[in-house]
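Novice: The structure follows.
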There are 2 protein chains.
Amino acid sequence: MRLDDVIATLRDIVGVRHVLTDPDTVAGHVVDWTGRFRGSTPAVVRPQNVEEVAAVLGACNDAGVAVVPQGGNTGLVGGSVPLHGEVVLDLRRLDEMTAVDTRAAQVTAQAGVTLARLQAHAAASGWQYGIDLSARDTATVGGMIATNAGGMHVLRYGSTRRQVAGIEAVLADGRVLRRLEGLDKDNTGYDLAGLLCGSEGTLAVVTAARLRLVPRPAYSVVTLLAFDVVDAALDAVGTLRQGLDDLHAVELFFQDGLDVICDMWRLRQPFDVRHLAFVLVEAAGGSDPTESLATCVANLHGVADDVVAADPAAARSLWRYREAHTDVINLVGTPLKLDITVPLDVLGSFVSTVRRRVAAVAPSAKVWLFGHAGDGNLHVNVTGVDPDDDRVTNAVLECVAELHGSISAEHGIGTAKRRWLHLVRSPEEIATMRAIKGALDPKGTLNPHVLLPPADDVDSGSRF
Amino acid sequence: MRLDDVIATLRDIVGVRHVLTDPDTVAGHVVDWTGRFRGSTPAVVRPQNVEEVAAVLGACNDAGVAVVPQGGNTGLVGGSVPLHGEVVLDLRRLDEMTAVDTRAAQVTAQAGVTLARLQAHAAASGWQYGIDLSARDTATVGGMIATNAGGMHVLRYGSTRRQVAGIEAVLADGRVLRRLEGLDKDNTGYDLAGLLCGSEGTLAVVTAARLRLVPRPAYSVVTLLAFDVVDAALDAVGTLRQGLDDLHAVELFFQDGLDVICDMWRLRQPFDVRHLAFVLVEAAGGSDPTESLATCVANLHGVADDVVAADPAAARSLWRYREAHTDVINLVGTPLKLDITVPLDVLGSFVSTVRRRVAAVAPSAKVWLFGHAGDGNLHVNVTGVDPDDDRVTNAVLECVAELHGSISAEHGIGTAKRRWLHLVRSPEEIATMRAIKGALDPKGTLNPHVLLPPADDVDSGSRF
């Protein structure tokens with residue numbers, strides 16, 4: 001079938017005005033928001049329901065035309081843009097939600113619902129969605145499931161996979177998997193919903209999900225701890241995890257980051273003397289955690305100083321020291337940004353080694369470290385280098401791999417990190433993933449150029 | 001290759017004394033503990049490490065010999081016994097654990113470690129494993145992962161899948177998947193560990209797992225609520241889930257069960273007058289949840305009466321009303337036991353409908369209902385009928401399916417429920433599961449006679 005015929009078929013399915021082919025109207029769909037990943041597409045297709053998604057995918061599969069699913073397009077690894085001329089499947093018209101099921105503490109949302117709408121909908125019924133991240137106004141339910149999105153509260157609620165109690169998705173050939181009952185206990189075969197979470201649109205296109213909600217905490221308390229020894233700070237993280245089950249966040253940053261923040265934003269330093277590392281702790285729950293947090297902190301070793309927020313405004317001030325890192329580092333210079341995890345017991349090794357490794361390949365580089373210490377997740381920002389300098393990326397990711405960490409904590413592999421996947425996934429794991437991909441998408445038309453290393457391209461029967 | 005030659009190869013791999021063929025020594029391996037499922041085997045193989053497991057599976061796969069993995073053999077659905085003459089792979093010699101990693105709150109345990117040993121090991125370091133179930137002295141880590149075991153605290157900590165932070169497993173052909181780093185944030189491809197959880201030994205044999213631990217709660221409080229209207233009891237479950245994030249258990253039972261317990265065990269009724277339904281609530285956490293529980297209960301509608309345990313002994317007494325159900329019903333008569341989940345918003349419909357449906361096919365039957373209301377999980381026990389009466393099983397499971405529930409809440413499908421899988425899994429889901437099975441075990445030698453419906457047998461290249 002000629003591509004024009006495929007596009008005519010797509011117009012029959014979704015209606016003429018929902019197949020965009022004009023270069024101006026598709027422009028926003030072919031580039032990611034950072035501008036780093038830019039491609040082209042013969043058509044952007046905008047179905048309005050699961051039946052249309054099924055028909056679109058079936059038609060493309062029949063014709064051997066590759067498809068890239070796209071939600072809010074807020075990804076950072078080039079996983080949702082047509083870099084090889086794929087058809088773009090825009091899911092944002094699937095934007096309905098059911099009423100919150102207060103007995104089950106769940107809601108069903110279609111793929112195109114934004115995180116902010118989901119959060120507001122849950123809040124209106126007295127609940128909260130366990131995931132929060134800064135792209136909330138644009139990121140969609142479907143995209144967050146495809147990438148197993150993390151964010152600020154993974155320590156407390158887990159990543160997106162844990163929020164998903166059921167899924168509706170369309171396979172490459174248009175068959176529909178639907179299991180939206182949201183049963184907490186259900187041992188009737190393979191966990192297909194969990195498999196699709198984080199599969200980056202390569203196994204099926206998520207059209208809706210049954211999502212778990214969590215109670216809104218009635219109380220919260222924030223404290224900032226200062227340390228003069230990195231290992232003491234990391235030991236404190238472990239002790240806090242053990243001592244407090246109301247832990248909402250355990251964040252780490254260093255004096256160098258704090259200095260530039262206080263300098264540029266004219267903030268007062270949180271402590272009178274300088275220290276080396278800082279741990280920000282938030283505890284929150286249905287009963288007041290202030291006392292248990294204080295008891296736990298009193299038993300920590302190596303705390304050089306500490307401050308407890310007296311009120312919500314003071315809590316926001318303490319959080320600002322942590323959250324300002326991204327903006328302030330961007331002011332220092334365009335950073336090379338990597339997002340990694342290492343096991344907590346080697347986080348100390350990573351902190352010292354990564355600075356040395358980067359210095360060896362880029363003596364002018366300045367390495368900034370901050371992130372979610374409770375998860376072993378650090379944001380590695382490097383300034384004073386070309387952000388596309390693969391030597392720096394290699395140095396950081398090889399260091400991560402040697403310490404048995406993950407080269408992608410929350411952003412996924414996409415296009416950007418396929419070349420490095422072998423650093424953290426064994427040949428047996430990659431072969432197993434390829435076997436699953438081949439079983440669910442034998443013609444290779446679903447997002448065929450992301451996640452698995454490029455050898456997959458050769459195997460794929462895709463025309464694009 | 002002749003079967004004798006395969007067995008000789010297995011002896012070379014694990015040593016002569018770890019290949020059992022004598023009928024007396026294999027007797028305990030060919031029947032489940034209830035005695036309902038009994039088979040036969042040419043050999044029970046007892047490897048001592050992952051390398052031996054890999055060699056055993058590779059040899060059997062080469063020869064097309066089917067293998068049933070076996071842990072503590074405490075399952076209830078015939079999933080771990082050689083009903084078709086399979087070789088039994090006994091994993092219990094893989095019984096080592098690492099020290100508890102207190103920073104990460106994790107431990108690595110081999111497949112043969114029992115739950116009780118794991119719990120004791122965690123407790124010795126001040127931690128707790130999130131799963132507890134009554135077969136704890138015998139059930140093994142590998143078996144609990146293969147069946148995604150649930151138990152008493154699923155509401156708080158989730159089922160086994162949520163505890164698994166990493167896995168080591170051997171594929172059907174002997175290749176080893178190993179990812180034991182236990183990273184909380186790791187988005188580098190498909191979640192193979194999650195896929196293996198609950199796959200009942202059909203995709204790979206789990207040899208070890210990195211398991212998450214949880215803090216031991218410092219405080220706990222137990223209360224028993226009485227209701228005269230079932231829907232009020234079920235509404236209370238939803239409200240409790242919303243109001244309390246320290247909720248450890250929300251259990252449901254009825255006056256008929258309570259009557260027979262108090263009668264047979266000569267216990268005093270918890271309330272002066274009789275009611276219809278009872279909800280047992282436990283809250284536990286790092287700070288005292290007594291006040292928040294009391295506030296939450298005060299705002300519930302339809303509570304006819306309530307009692308709060310004043311001390312741990314009183315808490316145990318309240319729990320006894322719930323836990324005694326299994327034993328006492330066994331005294332009434334040998335029950336047909338089913339373990340199901342329905343969505344919380346139709347739990348009320350299920351409670352009334354299932355009694356009517358069973359009565360229609362078995363007028364002499366008495367239906368007992370109790371279970372984990374917070375999860376929508378009820379144990380359906382039927383006395384006064386033949387426990388093998390498929391008409392009763394049909395009546396219950398079809399009722400579950402009509403209400404979009406699960407025919408297996410925690411026990412899995414195994415051999416027992418394969419015939420009913422189509423009630424709750426669509427042809428598309430079953431085909432997708434078959435495709436995954438075919439991709440990971442193309443020769444069909446790994447536990448080929450469980451989980452997927454019998455058509456699979458025909459497709460399988462297995463000799464057994």
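Residues in the structure tokens are numbered from 1 in each chain, the chains being A, B, ... in the order shown, and ligands are numbered from 1 in the order shown.
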As a ChimeraX atom specification, which residues of region 202-294 of chain A does DSSP assign to strand (DSSP E or B)?

Specialist: /A:204-212,214-215,219-227,247-254,277-285

Novice: Identify all chain A residues at most 6 Å from chain B by counting only C-alpha atoms; ligands do not count. Present them as a PyMOL selection string.

Specialist: chain A and resi 102-104+184-188+190-191+195+199+215+238+242+244-245+286+344+375+406+408-410+412-413+435-436+439

Novice: Using only C-alpha atoms, which residues sit within 12 Å of Thr353 (chain B) once same-chain residues fewer than 2 positions away are excluded, as a count of residues only?

Specialist: 21

Novice: What separation in Å, quoted to one decimal, exists between CA of Ala310 (chain A) and CA of Trp368 (chain A)?

Specialist: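 For CA of Ala310 (chain A) relative to CA of Trp368 (chain A), the distance reads 29.5 Å.
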
Novice: Report as number ranges by chain: the residues of region 191-354 of chain A with a DSSP assignment of alpha helix (DSSP H), based on the backbone of this structure.

Specialist: A: 192-196, 230-243, 255-264, 290-298, 312-332, 347-354
